[in-house]
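Data from run10.csv: CSV, C-alpha atoms
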chain,number,residue,atom,x,y,z
L,121,MET,CA,23.2,17.6,-13.4
L,122,VAL,CA,22.1,21.0,-14.9
L,123,VAL,CA,20.7,20.9,-18.4
L,124,THR,CA,19.1,24.0,-20.1
L,125,ASP,CA,16.9,23.8,-23.2
L,126,VAL,CA,17.1,26.3,-26.0
L,127,LEU,CA,13.6,26.4,-27.5
L,128,VAL,CA,12.0,28.3,-30.4
L,129,PRO,CA,10.4,31.4,-28.9
L,130,LEU,CA,7.2,33.1,-30.1
L,131,LEU,CA,8.4,35.8,-32.5
L,132,ASN,CA,5.0,36.7,-33.8
L,133,ALA,CA,1.7,36.2,-32.0
L,134,ASN,CA,0.0,35.2,-35.3
L,135,GLU,CA,2.7,32.9,-36.7
L,136,PRO,CA,4.0,29.9,-34.8
L,137,GLU,CA,6.4,28.8,-37.5
L,138,ALA,CA,9.9,30.0,-38.4
L,139,ARG,CA,12.8,29.0,-40.6
L,140,LEU,CA,16.2,28.3,-39.0
L,141,VAL,CA,18.4,30.5,-41.3
L,142,GLY,CA,21.6,30.6,-39.2
L,143,ILE,CA,23.5,28.4,-36.8
L,144,HIS,CA,26.4,30.3,-35.2
L,145,VAL,CA,28.0,27.5,-33.1
L,146,VAL,CA,29.2,24.0,-33.7
L,147,ASP,CA,28.2,20.9,-31.8
L,148,GLY,CA,29.9,20.6,-28.5
L,149,GLN,CA,31.3,24.2,-28.5
L,150,PRO,CA,31.6,26.0,-25.1
L,151,VAL,CA,29.3,29.0,-24.9
L,152,ASN,CA,28.6,31.8,-22.4
L,153,VAL,CA,25.3,33.4,-21.4
L,154,GLY,CA,24.2,35.8,-24.2
L,155,ASP,CA,26.2,34.3,-27.0
L,156,ILE,CA,24.3,34.2,-30.3
L,157,LEU,CA,23.4,30.6,-31.1
L,158,PHE,CA,20.8,30.8,-33.9
L,159,SER,CA,19.0,33.1,-36.3
L,160,LEU,CA,15.3,32.6,-37.1
L,161,GLU,CA,13.1,34.1,-39.8
L,162,THR,CA,9.4,34.4,-40.1
L,163,THR,CA,7.3,36.2,-42.7
L,164,LYS,CA,7.4,39.3,-40.5
L,165,ALA,CA,10.6,39.2,-38.4
L,166,THR,CA,14.2,38.0,-38.1
L,167,ALA,CA,15.6,37.3,-34.6
L,168,ASP,CA,18.8,36.0,-33.0
L,169,ILE,CA,18.5,33.4,-30.3
L,170,VAL,CA,21.1,33.7,-27.5
L,171,SER,CA,22.4,31.2,-25.0
L,172,PRO,CA,20.4,31.2,-21.7
L,173,ALA,CA,23.3,29.6,-19.8
L,174,SER,CA,27.0,28.9,-19.9
L,175,GLY,CA,28.3,25.5,-20.7
L,176,PHE,CA,28.5,23.2,-23.7
L,177,VAL,CA,26.0,23.3,-26.6
L,178,ARG,CA,24.6,20.2,-28.3
L,179,LEU,CA,22.6,21.0,-31.5
L,180,GLN,CA,19.2,19.4,-32.0
L,181,ALA,CA,18.2,21.2,-35.3
L,182,SER,CA,19.7,21.8,-38.7
L,183,LYS,CA,20.1,24.9,-40.8
L,184,GLU,CA,17.1,25.6,-43.2
L,185,ASP,CA,14.8,23.5,-40.9
L,186,ASN,CA,11.2,24.8,-40.5
L,187,VAL,CA,10.6,24.9,-36.8
L,188,SER,CA,7.6,25.7,-34.5
L,189,VAL,CA,7.3,27.5,-31.2
L,190,GLY,CA,8.5,25.3,-28.4
L,191,ASP,CA,10.7,23.1,-30.6
L,192,LEU,CA,14.1,22.1,-29.2
L,193,LEU,CA,17.0,23.9,-31.0
L,194,ALA,CA,19.8,22.8,-28.6
L,195,VAL,CA,20.7,21.9,-25.0
L,196,ILE,CA,23.3,23.5,-22.8
L,197,THR,CA,25.0,21.4,-20.1
L,198,GLU,CA,27.7,22.0,-17.5
L,199,ILE,CA,30.0,19.2,-18.8
L,200,GLN,CA,30.1,17.6,-22.2
L,201,ASP,CA,29.4,14.1,-20.9
L,202,GLU,CA,25.9,15.2,-19.9
L,203,LEU,CA,25.0,15.9,-23.5
L,204,ILE,CA,24.5,12.3,-24.6
L,205,ILE,CA,22.3,11.7,-21.5
L,206,ARG,CA,20.2,14.7,-22.2
L,207,GLU,CA,19.7,13.7,-25.9
L,208,SER,CA,18.5,10.3,-24.8
L,209,GLU,CA,16.0,11.8,-22.4
L,210,ASN,CA,14.7,14.2,-25.0
L,211,ARG,CA,13.9,11.3,-27.3
L,212,LYS,CA,11.6,10.0,-24.7
L,213,GLN,CA,9.7,13.4,-24.6
L,214,LYS,CA,9.2,13.8,-28.3
L,215,ASN,CA,7.7,11.5,-30.9
L,216,ILE,CA,9.8,11.4,-34.1
L,217,ASP,CA,6.8,12.8,-36.1
L,218,SER,CA,6.9,16.1,-34.3
L,219,LEU,CA,4.6,15.1,-31.5
L,220,ARG,CA,5.5,16.8,-28.3
L,221,ILE,CA,4.4,14.7,-25.3
L,222,THR,CA,5.5,14.5,-21.6
L,223,GLN,CA,6.8,11.2,-20.3
L,224,PRO,CA,3.8,10.7,-17.8
L,225,ALA,CA,1.4,11.4,-20.7
L,226,LEU,CA,3.3,8.9,-22.9
L,227,ASN,CA,3.1,6.3,-20.1
L,228,LEU,CA,-0.7,6.8,-19.7
L,229,ALA,CA,-1.3,6.7,-23.5
L,230,SER,CA,0.5,3.4,-23.6
L,231,GLN,CA,-1.5,2.0,-20.6
L,232,PHE,CA,-4.9,2.8,-22.3
L,233,GLY,CA,-3.8,2.0,-25.8
L,234,VAL,CA,-4.2,5.5,-27.2
L,235,ASN,CA,-3.0,5.8,-30.8
L,236,LEU,CA,-0.2,8.4,-30.8
L,237,ASP,CA,-1.1,9.3,-34.4
L,238,SER,CA,-4.4,10.6,-33.2
L,239,LEU,CA,-2.8,13.2,-30.9
L,240,THR,CA,-2.5,16.9,-31.7
L,241,THR,CA,0.9,18.2,-32.9
L,242,ASP,CA,0.3,21.9,-32.3
L,243,GLN,CA,0.8,21.8,-28.6
L,244,LEU,CA,2.5,19.9,-25.8
L,245,VAL,CA,0.4,16.8,-24.8
L,246,THR,CA,0.1,16.5,-21.1
L,247,GLU,CA,-1.1,13.7,-18.8
L,248,SER,CA,-4.4,15.6,-18.1
L,249,MET,CA,-5.0,15.8,-21.9
L,250,ILE,CA,-4.6,12.0,-22.2
L,251,ARG,CA,-7.0,11.4,-19.3
L,252,GLU,CA,-9.6,13.6,-21.0
L,253,MET,CA,-9.1,11.7,-24.2
L,254,VAL,CA,-9.6,8.4,-22.5
L,255,LYS,CA,-13.0,9.7,-21.3
L,256,GLU,CA,-13.8,10.8,-24.8
L,257,LEU,CA,-13.2,7.3,-26.1
L,258,HIS,CA,-16.6,6.5,-24.8
L,259,GLU,CA,-18.4,9.1,-26.9
L,260,GLU,CA,-21.5,7.9,-28.6
L,261,LEU,CA,-23.4,9.2,-31.7
L,262,PRO,CA,-26.9,10.5,-31.2
L,263,GLU,CA,-29.6,7.9,-31.9
L,264,SER,CA,-31.4,10.4,-34.1
L,265,LEU,CA,-28.5,10.7,-36.6
L,266,VAL,CA,-29.7,10.0,-40.1
L,267,VAL,CA,-27.2,9.0,-42.8
L,268,GLU,CA,-27.5,9.1,-46.6
L,269,PRO,CA,-24.3,7.5,-47.9
L,270,GLU,CA,-24.2,9.4,-51.1
L,271,LYS,CA,-25.1,12.8,-49.6
L,272,SER,CA,-24.0,12.8,-46.0
L,273,ILE,CA,-20.8,14.8,-45.2
L,274,LEU,CA,-18.9,15.5,-42.1
L,275,ILE,CA,-17.1,18.8,-41.3
L,276,TYR,CA,-13.8,18.5,-39.4
L,277,GLY,CA,-13.3,21.7,-37.3
L,278,GLY,CA,-15.5,24.3,-35.8
L,279,GLY,CA,-13.5,27.6,-36.3
L,280,GLY,CA,-13.7,30.4,-38.9
L,281,HIS,CA,-12.6,28.3,-41.9
L,282,ALA,CA,-15.1,25.6,-41.0
L,283,LYS,CA,-17.9,28.2,-41.1
L,284,SER,CA,-16.8,29.2,-44.6
L,285,VAL,CA,-16.9,25.5,-45.6
L,286,ILE,CA,-20.3,25.0,-44.0
L,287,ASP,CA,-21.7,27.9,-46.0
L,288,MET,CA,-20.1,26.7,-49.2
L,289,VAL,CA,-21.5,23.2,-48.7
L,290,LYS,CA,-25.0,24.7,-48.1
L,291,SER,CA,-24.6,26.8,-51.3
L,292,ILE,CA,-23.7,23.8,-53.3
L,293,GLY,CA,-26.9,22.2,-52.2
L,294,PHE,CA,-26.1,18.5,-52.8
L,295,TYR,CA,-24.7,17.4,-49.5
L,296,ASN,CA,-26.3,17.0,-46.1
L,297,ILE,CA,-24.0,18.0,-43.2
L,298,VAL,CA,-24.5,15.4,-40.5
L,299,GLY,CA,-22.3,17.2,-37.9
L,300,ILE,CA,-19.0,18.7,-36.9
L,301,ILE,CA,-16.0,17.0,-35.3
L,302,ASP,CA,-13.8,19.3,-33.2
L,303,ASP,CA,-11.2,18.3,-30.5
L,304,ASN,CA,-11.7,21.5,-28.5
L,305,ILE,CA,-15.4,22.3,-28.7
L,306,PRO,CA,-17.8,20.4,-26.4
L,307,ALA,CA,-20.2,17.9,-27.9
L,308,GLN,CA,-23.8,19.1,-28.5
L,309,THR,CA,-22.6,22.7,-29.2
L,310,ASN,CA,-24.3,24.1,-32.3
L,311,ILE,CA,-22.3,26.0,-34.9
L,312,MET,CA,-24.4,27.7,-37.6
L,313,GLY,CA,-27.1,25.2,-36.8
L,314,ILE,CA,-24.8,22.2,-37.2
L,315,PRO,CA,-24.2,20.0,-34.0
L,316,VAL,CA,-20.8,19.1,-32.8
L,317,LEU,CA,-20.8,15.4,-32.5
L,318,GLY,CA,-17.6,14.9,-30.6
L,319,THR,CA,-13.8,14.6,-31.0
L,320,ARG,CA,-11.7,12.7,-33.5
L,321,ASN,CA,-12.2,9.6,-31.4
L,322,ILE,CA,-15.7,9.2,-32.8
L,323,LEU,CA,-14.6,9.1,-36.4
L,324,THR,CA,-14.6,5.3,-36.5
L,325,LYS,CA,-18.2,5.2,-35.3
L,326,LEU,CA,-19.3,7.7,-37.9
L,327,ARG,CA,-17.8,5.4,-40.6
L,328,GLU,CA,-19.5,2.4,-39.2
L,329,LYS,CA,-22.8,4.4,-39.2
L,330,GLY,CA,-22.3,4.9,-43.0
L,331,VAL,CA,-20.9,8.4,-43.3
L,332,GLU,CA,-18.4,8.2,-46.2
L,333,LYS,CA,-17.5,11.8,-47.0
L,334,ALA,CA,-15.7,14.5,-45.0
L,335,ALA,CA,-14.5,18.1,-45.6
L,336,ASN,CA,-11.5,19.6,-43.8
L,337,GLY,CA,-12.7,22.7,-42.0
L,338,VAL,CA,-9.3,23.7,-40.6
L,339,GLY,CA,-7.6,26.4,-42.8
L,340,GLY,CA,-4.1,26.0,-41.5
L,341,ILE,CA,-3.2,29.6,-42.3
L,342,LEU,CA,-0.8,29.7,-39.3
L,343,ASP,CA,0.5,26.2,-39.6
L,344,ILE,CA,-0.3,24.3,-42.8
L,345,LYS,CA,1.1,21.1,-41.3
L,346,ILE,CA,-2.0,20.9,-39.1
L,347,ARG,CA,-4.2,20.9,-42.1
L,348,ILE,CA,-2.2,18.2,-43.8
L,349,LYS,CA,-2.3,16.0,-40.7
L,350,LEU,CA,-6.1,16.2,-40.6
L,351,PHE,CA,-6.3,15.2,-44.2
L,352,GLU,CA,-4.2,12.1,-43.4
L,353,LEU,CA,-6.3,11.4,-40.3
L,354,LEU,CA,-9.5,11.5,-42.3
L,355,GLU,CA,-8.1,9.3,-45.1
L,356,SER,CA,-6.8,6.8,-42.5
L,357,GLU,CA,-10.3,6.5,-41.1
L,358,GLY,CA,-11.6,5.7,-44.6
L,359,PHE,CA,-13.4,9.0,-45.5
L,360,SER,CA,-13.4,10.3,-49.1
L,361,LEU,CA,-12.8,14.0,-49.6
L,362,PRO,CA,-14.9,15.4,-52.4
L,363,LYS,CA,-13.9,18.6,-54.2
L,364,LEU,CA,-16.0,21.5,-53.1
L,365,ILE,CA,-16.5,24.4,-55.5
L,366,HIS,CA,-18.6,27.4,-54.5
L,367,PRO,CA,-21.4,28.2,-57.0
L,368,ARG,CA,-20.1,31.8,-57.2
L,369,ALA,CA,-16.5,30.6,-58.2
L,370,THR,CA,-15.5,30.6,-61.8
L,371,VAL,CA,-13.7,27.5,-63.0
L,372,GLU,CA,-13.0,27.2,-66.7
L,373,THR,CA,-14.1,24.0,-68.4
L,374,SER,CA,-10.6,23.1,-69.4
L,375,ALA,CA,-9.3,23.3,-65.8
L,376,MET,CA,-8.6,20.2,-63.7
L,377,VAL,CA,-9.8,20.1,-60.1
L,378,CYS,CA,-8.7,17.1,-58.1
L,379,GLU,CA,-10.1,15.3,-55.0
L,380,GLY,CA,-10.3,17.3,-51.8
L,381,VAL,CA,-9.8,20.7,-53.4
L,382,GLN,CA,-11.8,23.7,-52.0
L,383,VAL,CA,-12.5,26.7,-54.3
L,384,PHE,CA,-14.3,29.5,-52.5
L,385,ALA,CA,-16.7,32.2,-53.6
L,386,ASN,CA,-15.5,34.7,-56.3
L,387,ALA,CA,-12.3,32.8,-57.0
L,388,TYR,CA,-11.3,32.4,-60.6
L,389,ILE,CA,-9.5,29.3,-62.0
L,390,GLY,CA,-8.2,29.8,-65.5
L,391,SER,CA,-7.9,27.7,-68.6
L,392,GLU,CA,-6.0,24.4,-68.4
L,393,THR,CA,-5.0,25.2,-64.8
L,394,ILE,CA,-4.4,22.1,-62.5
L,395,LEU,CA,-5.5,22.2,-58.9
L,396,GLN,CA,-3.8,19.1,-57.3
L,397,GLN,CA,-5.4,17.2,-54.5
L,398,ARG,CA,-6.3,18.9,-51.3
L,399,CYS,CA,-5.1,22.3,-52.3
L,400,MET,CA,-7.3,25.4,-51.6
L,401,VAL,CA,-8.0,28.6,-53.6
L,402,ASN,CA,-9.6,31.0,-51.2
L,403,THR,CA,-12.1,33.9,-51.6
L,404,SER,CA,-11.6,36.2,-54.6
L,405,ALA,CA,-8.2,34.7,-55.5
L,406,VAL,CA,-7.2,34.6,-59.2
L,407,VAL,CA,-5.3,31.6,-60.6
L,408,SER,CA,-4.7,32.4,-64.3
L,409,HIS,CA,-4.4,30.0,-67.2
L,410,ASP,CA,-1.9,27.1,-67.3
L,411,CYS,CA,-1.0,27.3,-63.6
L,412,VAL,CA,-0.3,24.3,-61.4
L,413,ILE,CA,-1.1,24.5,-57.7
L,414,GLY,CA,0.5,21.7,-55.7
L,415,ALA,CA,-1.1,19.3,-53.2
L,416,TYR,CA,-2.1,20.9,-49.9
L,417,SER,CA,-1.1,24.4,-50.9
L,418,HIS,CA,-3.2,27.4,-50.0
L,419,ILE,CA,-3.8,30.4,-52.2
L,420,ALA,CA,-5.1,32.9,-49.7
L,421,PRO,CA,-7.9,35.5,-50.3
L,422,GLY,CA,-7.2,38.1,-53.0
L,423,ALA,CA,-3.9,36.6,-54.3
L,424,MET,CA,-3.4,37.0,-58.0
L,425,LEU,CA,-1.3,34.5,-59.9
L,426,ALA,CA,-0.4,35.3,-63.5
L,427,GLY,CA,-0.4,32.6,-66.2
L,428,HIS,CA,2.0,29.6,-66.1
L,429,VAL,CA,2.7,29.9,-62.4
L,430,GLN,CA,3.7,26.7,-60.6
L,431,VAL,CA,3.2,26.4,-56.8
L,432,GLY,CA,4.8,23.4,-55.1
L,433,GLU,CA,3.3,21.2,-52.4
L,434,GLY,CA,2.4,22.5,-48.9
L,435,SER,CA,3.0,26.2,-49.7
L,436,LEU,CA,1.1,29.3,-48.6
L,437,VAL,CA,0.6,32.2,-50.9
L,438,GLY,CA,-0.6,35.0,-48.6
L,439,MET,CA,-3.5,37.5,-49.0
L,440,GLY,CA,-3.0,40.0,-51.8
L,441,VAL,CA,0.2,38.4,-53.2
L,442,THR,CA,0.8,39.1,-56.9
L,443,THR,CA,3.2,37.2,-59.2
L,444,ALA,CA,4.8,37.7,-62.6
L,445,ILE,CA,4.0,35.2,-65.4
L,446,GLY,CA,5.8,31.9,-65.3
L,447,ILE,CA,7.0,32.0,-61.7
L,448,LYS,CA,8.0,28.7,-60.0
L,449,ILE,CA,7.3,28.5,-56.3
L,450,GLY,CA,8.9,25.6,-54.5
L,451,ASN,CA,7.5,23.2,-51.9
L,452,ASN,CA,6.8,24.4,-48.3
L,453,VAL,CA,7.2,28.1,-49.2
L,454,ARG,CA,5.5,30.8,-47.1
L,455,ILE,CA,4.8,34.1,-48.8
L,456,GLY,CA,3.6,36.9,-46.6
L,457,ASN,CA,0.6,39.1,-47.3
L,458,GLY,CA,1.0,41.7,-50.1
L,459,ALA,CA,4.3,40.4,-51.4
L,460,ILE,CA,5.1,41.0,-55.1
L,461,ILE,CA,6.9,38.1,-56.7
L,462,TYR,CA,9.1,38.7,-59.8
L,463,SER,CA,11.5,35.7,-59.6
L,464,ASP,CA,11.3,31.9,-58.7
L,465,ILE,CA,11.3,31.0,-55.0
L,466,PRO,CA,13.3,28.0,-53.7
L,467,ALA,CA,11.7,25.4,-51.5
L,468,LYS,CA,11.2,26.2,-47.8
L,469,THR,CA,11.7,30.0,-48.3
L,470,ILE,CA,9.9,32.4,-46.1
L,471,ILE,CA,9.0,35.7,-47.9
L,472,PRO,CA,8.1,38.5,-45.4
L,473,SER,CA,4.9,40.5,-45.9
L,474,GLY,CA,5.1,43.4,-48.3
L,475,THR,CA,8.4,42.2,-49.9
L,476,ILE,CA,9.2,42.8,-53.5
L,477,TRP,CA,11.0,39.5,-54.4
L,478,ALA,CA,13.4,39.5,-57.2
L,479,GLY,CA,15.5,36.5,-56.2
L,480,LYS,CA,17.5,35.3,-53.2
L,481,GLY,CA,19.5,38.2,-51.8
L,482,LYS,CA,17.7,40.7,-54.0
L,483,SER,CA,14.4,41.3,-52.2
L,484,GLN,CA,13.4,44.5,-50.6
L,485,ALA,CA,10.6,45.7,-48.3
Structure translated into structure tokens:
Amino acid sequence: MVVTDVLVPLLNANEPEARLVGIHVVDGQPVNVGDILFSLETTKATADIVSPASGFVRLQASKEDNVSVGDLLAVITEIQDELIIRESENRKQKNIDSLRITQPALNLASQFGVNLDSLTTDQLVTESMIREMVKELHEELPESLVVEPEKSILIYGGGGHAKSVIDMVKSIGFYNIVGIIDDNIPAQTNIMGIPVLGTRNILTKLREKGVEKAANGVGGILDIKIRIKLFELLESEGFSLPKLIHPRATVETSAMVCEGVQVFANAYIGSETILQQRCMVNTSAVVSHDCVIGAYSHIAPGAMLAGHVQVGEGSLVGMGVTTAIGIKIGNNVRIGNGAIIYSDIPAKTIIPSGTIWAGKGKSQA
């Protein structure tokens, strides 16, 4: 039996997500090598996906889906009867919550009782990764760790955004950073003077030790779903997520800032604006009066939102984006850097960088 996968390719080295804007075949249709099957769109490019083989196509995705590199769009088989077999096999390879895991890795995870919810969703999970995780289950906290329940805070992540969070926490001056959790950086590494304590597998021990607060140090600029998953992980482990506002940010007294929000240096939050839980307003961004920024959304550095702008949940407003007054931006929207927004944006829309957006079908570069 010959079965060929049609996967989401990497269209842009800095952007693993795309939107499926066109499906040019129907389920079960015979296709030839080179036939156009799908059209994908990112903030910087649009591309057609062609069939890598001749045979019968079985669709695994729907139009308007947001997809990531490596996601399965379809399978091509020599005969139609093989399609149902392949679909069943594929379900064994992928968890329904977007986890991509090989069958040997899944078997090993089951053998050792590894919680699938604790696994990364931004890459294929292999057997060797599970074996490494089993080793990490025996991680121990340093005996010298001192915890003050009211002031101790944990930083999740050791990359660039985490460094910005560390500096912000230090500038605030109230919290004591007990350490960093990172799934890819070896324990005992020091980042800006803060030790890496281990991977996510040590979170339970930190809670038992008395650490109650955490800050998400993963920016999610390339894939905001990763950031959301980490918030959910920290919450499931019992950590609270205090709002963090840099002393050099300006937040008007009538504005409302909810739990888990991060507001970075030189940002401005206008009168009666609402920053809903876990959203982020980055360096030097302007969010004018009467705006509402939805949960988990990210207003990137230098963005300028006029008054009465509404941003839905899980959306990204890129660097240097400007909007007209009263614009409504839907859930899970991605606006590329430097775009100018004159009209409302429907949910799940991807606006390419530098676009002048005047409504669907009316944008221009």
What is the atom CA of L:Asp125 to atom CA of L:Ile470 distance in Å?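 Computing it gives 25.4 Å between the two atoms.
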Of the residues L:Thr443, L:Ser291, L:Ser272, L:Ser248, which is the one nearest to L:Phe359, using all atoms listed in the file?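 Looking at the shortest contact to L:Phe359, the residue is L:Ser272.
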For stretch 279-290 of chain L: contacts at 12 Å, all atoms listed in the file, fewer than 2 positions along chain excluded, given as a PyMOL selection string: chain L and resi 271-277+292-305+310-316+334-341+347+362-369+381-386+400+402-403+420
Just the number, please: distance in Å from atom CA of L:Ala225 to atom CA of L:Leu326, one decimal.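 These two atoms are separated by 27.2 Å.
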Contacts of L:Ile196 at 10 Å (all atoms listed in the file; same-chain gap of 2+ positions) as an MDAnalysis selection string: chainID L and resid 122:126 148:152 171:179 194 198:200 202:203 206
Hey, can you check how far atom CA of L:Leu425 sits from atom CA of L:Val406?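 Rounded to one decimal, the two atoms are 5.9 Å apart.
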Which residues are close to L:His144, i.e. within 7 Å by all atoms listed in the file, leaving aside same-chain residues fewer than 3 positions away? Reply as an MDAnalysis selection string. chainID L and resid 156:158
Just want the 6 Å neighbourhood of L:Ala405, counted on all atoms listed in the file, with same-chain residues fewer than 3 positions away dropped. Output as a list in words.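 Returned residues: Ala387, Asn402, Pro421, Gly422, Ala423 and Met424 of chain L.
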Quick one: residues within 10 Å of L:Lys349, only C-alpha atoms counted, chain neighbours fewer than 5 positions away excluded, as a PyMOL selection string? chain L and resi 237-238+240-241+344+354-355
Nearest-residue call for L:Val141, choices L:Thr469, L:Thr393, L:Thr222, L:Thr475, using all atoms listed in the file: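 Smallest separation from L:Val141 among the options: L:Thr469.
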